[in-house]
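Please read the structure below before turning to the comments.
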Amino acid sequence: ISSADEGEPWFPTRENDFVLLIDDSYGRVSLQTPEVVQMLVAGALTTFPVGAFLDKYPQNLSLNGFTVAMKFGIDYRHQSTVTAEISKKLQDFIATHLKDSRYGAHLKDCLVELDEAAASSLNLLVSASFSGDAADAYLHLRRLLQRLAVDACNANDWTMPFNQMTIHLAG
């Protein structure tokens, strides 16, 4: 639907688009009228007045695609190799497995780089971009990225950190 100016959309979504809301609600738009938007969220039909829907800043994952991103920690014992060797191997591992998955045709890009040197871990930013045709698998792809990162650690003997606490006892 567009206004008198054919290039100007009236609404950020269409029926059957997959949408992510600011509160992390995710679902498919099943009905859209000037008064309400109905979405299937976690299998349940949720109805929003249009204003309330727009106040949740809907991200249309179906239209131009989307990126799934996460932070993934590697233990400090890998400090000397994390920026070049580990990040490249992890990126290649994840990209290869995503390409070989049923979402491979929708994969646009995969990136792994050091995000921060945190208190207990070296955190990598792992992201994968997909075309909108994979929007129905958004939640699955988030979990798949996590699983592939853990699988890469297991395959390469990389240690994942755990929170540590140091206690100093008075003499």
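Just so we're on the same page: first chain in the structure tokens is A, next is B, and so on; residues restart at 1 for each chain, and ligands are numbered from 1 in the order they show up.
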
>> Give me, as a list in words, all polymer residues having an atom no more than 10 Å from Phe130 (chain A), counting only C-alpha atoms and skipping those fewer than 5 positions away in the same chain.
In response: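 Non-adjacent residues within range: Leu61, Ser62, Asn64, Gly65, Phe66, Thr67, Val68, Tyr103, Gly104, Ala105, His106, Leu107, Lys108, Asp109, Cys110, Ala135, Tyr138 and Leu141 of chain A.
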
DSSP-assigned helix (DSSP H, G or I) members of region 6-129 of chain A, reported as a short mmCIF file (atom, residue, chain, number, x, y, z; two decimals) with N, CA, C and O atoms, in the first residue's frame:
```cif
data_model
loop_
_atom_site.label_atom_id
_atom_site.label_comp_id
_atom_site.auth_asym_id
_atom_site.auth_seq_id
_atom_site.Cartn_x
_atom_site.Cartn_y
_atom_site.Cartn_z
N VAL A 50 -2.60 0.21 16.21
CA VAL A 50 -1.53 0.64 15.32
C VAL A 50 -0.50 1.49 16.05
O VAL A 50 0.71 1.30 15.91
N GLY A 51 -0.95 2.43 16.88
CA GLY A 51 -0.02 3.30 17.61
C GLY A 51 0.89 2.52 18.53
O GLY A 51 2.10 2.78 18.61
N ALA A 52 0.34 1.54 19.24
CA ALA A 52 1.13 0.72 20.15
C ALA A 52 2.15 -0.12 19.37
O ALA A 52 3.29 -0.30 19.81
N PHE A 53 1.73 -0.63 18.22
CA PHE A 53 2.64 -1.41 17.37
C PHE A 53 3.81 -0.54 16.92
O PHE A 53 4.97 -0.93 17.03
N LEU A 54 3.52 0.64 16.43
CA LEU A 54 4.57 1.54 15.96
C LEU A 54 5.46 2.01 17.10
O LEU A 54 6.66 2.24 16.90
N ASP A 55 4.92 2.12 18.32
CA ASP A 55 5.72 2.51 19.49
C ASP A 55 6.74 1.43 19.86
O ASP A 55 7.66 1.68 20.62
N LEU A 61 12.08 -7.77 9.16
CA LEU A 61 13.17 -8.67 8.77
C LEU A 61 12.99 -9.20 7.35
O LEU A 61 13.96 -9.60 6.71
N SER A 62 11.77 -9.20 6.87
CA SER A 62 11.45 -9.77 5.56
C SER A 62 11.83 -8.85 4.40
O SER A 62 12.18 -9.33 3.32
N LEU A 63 11.79 -7.58 4.62
CA LEU A 63 11.90 -6.62 3.52
C LEU A 63 13.30 -6.59 2.89
O LEU A 63 13.46 -6.89 1.71
N ASN A 64 14.30 -6.21 3.64
CA ASN A 64 15.65 -6.08 3.10
C ASN A 64 16.65 -7.02 3.75
O ASN A 64 17.85 -6.87 3.56
N TYR A 76 41.32 -16.04 28.04
CA TYR A 76 42.53 -15.23 27.86
C TYR A 76 43.76 -16.06 27.51
O TYR A 76 44.74 -15.52 26.99
N ARG A 77 43.74 -17.35 27.73
CA ARG A 77 44.90 -18.17 27.35
C ARG A 77 45.13 -18.14 25.83
O ARG A 77 46.19 -18.51 25.36
N HIS A 78 44.13 -17.69 25.08
CA HIS A 78 44.23 -17.61 23.62
C HIS A 78 44.55 -16.19 23.15
O HIS A 78 44.39 -15.87 21.97
N VAL A 82 43.98 -14.69 19.21
CA VAL A 82 42.55 -14.40 19.05
C VAL A 82 42.27 -13.40 17.92
O VAL A 82 41.29 -13.54 17.21
N THR A 83 43.11 -12.41 17.74
CA THR A 83 42.79 -11.36 16.77
C THR A 83 42.96 -11.79 15.32
O THR A 83 42.28 -11.27 14.45
N ALA A 84 43.85 -12.71 15.06
CA ALA A 84 44.06 -13.12 13.68
C ALA A 84 43.62 -14.56 13.45
O ALA A 84 42.66 -14.82 12.74
N GLU A 85 44.30 -15.48 14.08
CA GLU A 85 44.07 -16.90 13.81
C GLU A 85 42.68 -17.38 14.24
O GLU A 85 41.93 -17.96 13.45
N ILE A 86 42.34 -17.15 15.50
CA ILE A 86 41.06 -17.67 16.00
C ILE A 86 39.88 -17.00 15.33
O ILE A 86 38.94 -17.67 14.90
N SER A 87 39.91 -15.67 15.20
CA SER A 87 38.76 -15.00 14.59
C SER A 87 38.57 -15.45 13.14
O SER A 87 37.45 -15.66 12.69
N LYS A 88 39.67 -15.67 12.41
CA LYS A 88 39.56 -16.13 11.01
C LYS A 88 39.03 -17.56 10.96
O LYS A 88 38.14 -17.88 10.16
N LYS A 89 39.57 -18.44 11.80
CA LYS A 89 39.11 -19.84 11.81
C LYS A 89 37.64 -19.94 12.21
O LYS A 89 36.87 -20.72 11.64
N LEU A 90 37.25 -19.15 13.22
CA LEU A 90 35.86 -19.17 13.67
C LEU A 90 34.94 -18.66 12.56
O LEU A 90 33.89 -19.25 12.29
N GLN A 91 35.34 -17.59 11.91
CA GLN A 91 34.54 -17.05 10.80
C GLN A 91 34.40 -18.08 9.68
O GLN A 91 33.30 -18.31 9.17
N ASP A 92 35.50 -18.72 9.30
CA ASP A 92 35.45 -19.73 8.24
C ASP A 92 34.58 -20.92 8.64
O ASP A 92 33.79 -21.43 7.83
N PHE A 93 34.71 -21.37 9.89
CA PHE A 93 33.92 -22.50 10.39
C PHE A 93 32.43 -22.18 10.33
O PHE A 93 31.63 -22.95 9.80
N ILE A 94 32.05 -21.00 10.86
CA ILE A 94 30.64 -20.63 10.89
C ILE A 94 30.10 -20.42 9.48
O ILE A 94 29.02 -20.92 9.13
N ALA A 95 30.85 -19.71 8.64
CA ALA A 95 30.39 -19.45 7.27
C ALA A 95 30.21 -20.76 6.50
O ALA A 95 29.20 -20.93 5.80
N THR A 96 31.15 -21.68 6.63
CA THR A 96 31.06 -22.96 5.92
C THR A 96 29.82 -23.73 6.37
O THR A 96 29.06 -24.25 5.53
N HIS A 97 29.59 -23.80 7.68
CA HIS A 97 28.44 -24.56 8.17
C HIS A 97 27.12 -23.87 7.83
O HIS A 97 26.12 -24.55 7.57
N LEU A 98 27.10 -22.55 7.83
CA LEU A 98 25.87 -21.85 7.42
C LEU A 98 25.58 -22.08 5.94
O LEU A 98 24.44 -22.30 5.56
N LYS A 99 26.62 -22.02 5.11
CA LYS A 99 26.45 -22.25 3.66
C LYS A 99 25.94 -23.66 3.39
O LYS A 99 25.18 -23.87 2.45
N ASP A 100 26.39 -24.62 4.22
CA ASP A 100 25.97 -26.01 4.04
C ASP A 100 24.60 -26.30 4.65
O ASP A 100 24.05 -27.38 4.45
N GLY A 104 21.79 -21.66 3.61
CA GLY A 104 22.96 -21.24 2.85
C GLY A 104 22.65 -20.32 1.69
O GLY A 104 23.39 -19.37 1.43
N ALA A 105 21.56 -20.57 1.00
CA ALA A 105 21.20 -19.73 -0.15
C ALA A 105 20.82 -18.31 0.27
O ALA A 105 20.85 -17.40 -0.54
N HIS A 106 20.50 -18.14 1.55
CA HIS A 106 20.07 -16.83 2.05
C HIS A 106 21.19 -16.06 2.76
O HIS A 106 21.01 -14.91 3.12
#
```

>> Using Å and a single decimal, report how far CA of Ala128 (chain A) sits from CA of Tyr57 (chain A).
In response: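 Separation between CA of Tyr57 (chain A) and CA of Ala128 (chain A): 22.0 Å.
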
> Expressed in Å to a single decimal, how great is the separation between CA of Arg28 (chain A) and CA of Ala134 (chain A)?
Replying inline: 12.5 Å

> Excluding same-chain residues fewer than 6 positions from Arg14 (chain A), what lies within 10 Å of it counting only C-alpha atoms, as JSON, numbers by chain?
Replying inline: {"A": [1, 28, 29, 30, 31, 32, 33, 37, 60, 62, 63]}

> How far is it from CA of Glu116 (chain A) to CA of Trp158 (chain A), in Å with one decimal?
Replying inline: 17.5 Å

> Which residues, written as a list of chain:residue names, have at least one atom at most 12 Å from Lys56 (chain A), with only C-alpha atoms counted and residues fewer than 6 positions away on the same chain left out?
Replying inline: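 The neighbour list is A:Pro12, A:Val19, A:Leu20, A:Leu21, A:Ile22, A:Asp23, A:Asp24, A:Ser25, A:Tyr26, A:Val37, A:Phe48, A:Pro49, A:Val50.
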
> With distances taken over only C-alpha atoms, which of A:Ile74, A:Ala137, A:Val41, A:Leu169 is nearest to Ala119 (chain A)?
Replying inline: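 With only C-alpha atoms as the atom set, the closest residue is A:Ile74.
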
> Would you give me, as a PyMOL selection string, the residues in region 18-151 of chain A that DSSP reads as strand (DSSP E or B)?
Replying inline: chain A and resi 18-20+26-32+36-41+44-49+59-60+66-74+107-117+122-130

Store the residues picked out above in a file with N, CA and C atoms, as a compact mmCIF listing (two decimals), in the first residue's frame.
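result-v8.txt was written with the following content:
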```txt
# COMPACT_ATOMS: atom_id res chain seq x y z
N PHE A 18 7.85 -10.89 8.58
CA PHE A 18 8.35 -11.25 9.90
C PHE A 18 8.98 -10.02 10.53
N VAL A 19 8.62 -9.78 11.80
CA VAL A 19 8.95 -8.53 12.46
C VAL A 19 9.57 -8.81 13.83
N LEU A 20 10.57 -7.99 14.17
CA LEU A 20 11.18 -8.00 15.50
C LEU A 20 10.85 -6.67 16.14
N TYR A 26 8.96 -11.38 18.53
CA TYR A 26 9.22 -11.71 17.13
C TYR A 26 8.03 -12.50 16.61
N GLY A 27 7.60 -12.19 15.42
CA GLY A 27 6.50 -12.94 14.85
C GLY A 27 6.15 -12.51 13.45
N ARG A 28 5.09 -13.10 12.94
CA ARG A 28 4.62 -12.83 11.58
C ARG A 28 3.37 -11.98 11.64
N VAL A 29 3.34 -10.93 10.83
CA VAL A 29 2.15 -10.08 10.74
C VAL A 29 1.07 -10.88 10.01
N SER A 30 -0.05 -11.10 10.68
CA SER A 30 -1.11 -11.89 10.06
C SER A 30 -2.26 -11.01 9.56
N LEU A 31 -2.42 -9.82 10.15
CA LEU A 31 -3.48 -8.90 9.73
C LEU A 31 -3.00 -7.49 9.99
N GLN A 32 -3.29 -6.61 9.05
CA GLN A 32 -2.90 -5.22 9.20
C GLN A 32 -4.01 -4.35 8.63
N VAL A 36 -5.60 -1.79 13.59
CA VAL A 36 -4.88 -2.81 14.36
C VAL A 36 -3.85 -3.56 13.50
N VAL A 37 -2.89 -4.12 14.22
CA VAL A 37 -1.94 -5.05 13.62
C VAL A 37 -2.01 -6.31 14.46
N GLN A 38 -2.20 -7.45 13.81
CA GLN A 38 -2.18 -8.73 14.51
C GLN A 38 -0.93 -9.48 14.09
N MET A 39 -0.24 -10.03 15.10
CA MET A 39 0.97 -10.81 14.86
C MET A 39 0.86 -12.15 15.55
N LEU A 40 1.40 -13.16 14.91
CA LEU A 40 1.56 -14.46 15.56
C LEU A 40 2.89 -14.40 16.29
N VAL A 41 2.83 -14.36 17.62
CA VAL A 41 4.02 -14.28 18.47
C VAL A 41 4.04 -15.53 19.34
N ALA A 44 0.91 -17.55 19.47
CA ALA A 44 -0.33 -16.91 19.93
C ALA A 44 -0.59 -15.65 19.11
N LEU A 45 -1.84 -15.41 18.81
CA LEU A 45 -2.24 -14.21 18.08
C LEU A 45 -2.25 -13.03 19.04
N THR A 46 -1.46 -12.01 18.72
CA THR A 46 -1.36 -10.81 19.54
C THR A 46 -1.85 -9.64 18.72
N THR A 47 -2.74 -8.84 19.32
CA THR A 47 -3.33 -7.70 18.62
C THR A 47 -2.82 -6.41 19.23
N PHE A 48 -2.35 -5.51 18.39
CA PHE A 48 -1.85 -4.21 18.80
C PHE A 48 -2.67 -3.12 18.13
N PRO A 49 -3.10 -2.10 18.86
CA PRO A 49 -3.55 -0.91 18.16
C PRO A 49 -2.37 -0.38 17.35
N GLN A 59 11.02 -3.81 13.43
CA GLN A 59 12.05 -4.04 12.42
C GLN A 59 11.52 -5.10 11.47
N ASN A 60 11.36 -4.74 10.23
CA ASN A 60 10.86 -5.68 9.24
C ASN A 60 12.02 -6.52 8.72
N PHE A 66 18.29 -9.13 7.27
CA PHE A 66 18.57 -8.89 8.68
C PHE A 66 19.93 -9.48 9.02
N THR A 67 20.43 -9.07 10.17
CA THR A 67 21.69 -9.59 10.69
C THR A 67 21.45 -10.17 12.07
N VAL A 68 22.00 -11.34 12.31
CA VAL A 68 21.99 -11.96 13.62
C VAL A 68 23.40 -11.75 14.18
N ALA A 69 23.49 -11.18 15.39
CA ALA A 69 24.80 -10.91 15.97
C ALA A 69 24.81 -11.35 17.43
N MET A 70 26.00 -11.71 17.89
CA MET A 70 26.16 -12.11 19.29
C MET A 70 27.60 -11.87 19.69
N LYS A 71 27.81 -11.79 21.00
CA LYS A 71 29.17 -11.79 21.54
C LYS A 71 29.48 -13.20 21.99
N PHE A 72 30.73 -13.60 21.77
CA PHE A 72 31.15 -14.93 22.16
C PHE A 72 32.52 -14.84 22.79
N GLY A 73 32.66 -15.34 24.02
CA GLY A 73 33.89 -15.21 24.78
C GLY A 73 34.86 -16.36 24.59
N ILE A 74 36.12 -15.99 24.48
CA ILE A 74 37.23 -16.95 24.42
C ILE A 74 38.13 -16.66 25.63
N LEU A 107 22.34 -16.72 2.96
CA LEU A 107 23.45 -16.08 3.65
C LEU A 107 24.08 -15.02 2.76
N LYS A 108 24.20 -13.80 3.29
CA LYS A 108 24.84 -12.71 2.54
C LYS A 108 26.28 -12.50 3.00
N ASP A 109 26.51 -12.57 4.32
CA ASP A 109 27.82 -12.25 4.84
C ASP A 109 27.98 -12.86 6.23
N CYS A 110 29.22 -13.14 6.59
CA CYS A 110 29.54 -13.64 7.93
C CYS A 110 30.80 -12.93 8.38
N LEU A 111 30.82 -12.50 9.64
CA LEU A 111 31.95 -11.73 10.15
C LEU A 111 32.24 -12.13 11.59
N VAL A 112 33.52 -12.26 11.91
CA VAL A 112 33.96 -12.48 13.29
C VAL A 112 35.14 -11.55 13.53
N GLU A 113 35.06 -10.75 14.60
CA GLU A 113 36.18 -9.88 14.95
C GLU A 113 36.17 -9.63 16.45
N LEU A 114 37.34 -9.25 16.97
CA LEU A 114 37.43 -8.97 18.39
C LEU A 114 36.57 -7.77 18.72
N ASP A 115 35.72 -7.92 19.73
CA ASP A 115 34.84 -6.84 20.15
C ASP A 115 35.40 -6.11 21.37
N GLU A 116 35.87 -6.88 22.36
CA GLU A 116 36.41 -6.25 23.56
C GLU A 116 37.23 -7.24 24.37
N ALA A 117 38.19 -6.67 25.09
CA ALA A 117 38.92 -7.43 26.09
C ALA A 117 38.21 -7.18 27.41
N LEU A 122 37.99 -12.70 26.30
CA LEU A 122 38.18 -11.92 25.08
C LEU A 122 36.91 -12.14 24.26
N ASN A 123 36.12 -11.08 24.12
CA ASN A 123 34.82 -11.24 23.48
C ASN A 123 34.89 -10.93 22.00
N LEU A 124 34.42 -11.90 21.23
CA LEU A 124 34.35 -11.76 19.78
C LEU A 124 32.93 -11.36 19.38
N LEU A 125 32.83 -10.52 18.37
CA LEU A 125 31.54 -10.21 17.77
C LEU A 125 31.37 -11.17 16.60
N VAL A 126 30.31 -11.94 16.63
CA VAL A 126 30.00 -12.90 15.58
C VAL A 126 28.70 -12.46 14.95
N SER A 127 28.70 -12.24 13.62
CA SER A 127 27.47 -11.82 12.97
C SER A 127 27.32 -12.51 11.62
N ALA A 128 26.07 -12.71 11.24
CA ALA A 128 25.75 -13.30 9.95
C ALA A 128 24.53 -12.56 9.40
N SER A 129 24.62 -12.15 8.15
CA SER A 129 23.53 -11.41 7.50
C SER A 129 22.84 -12.33 6.50
N PHE A 130 21.52 -12.20 6.45
CA PHE A 130 20.69 -13.06 5.61
C PHE A 130 19.72 -12.22 4.80
```
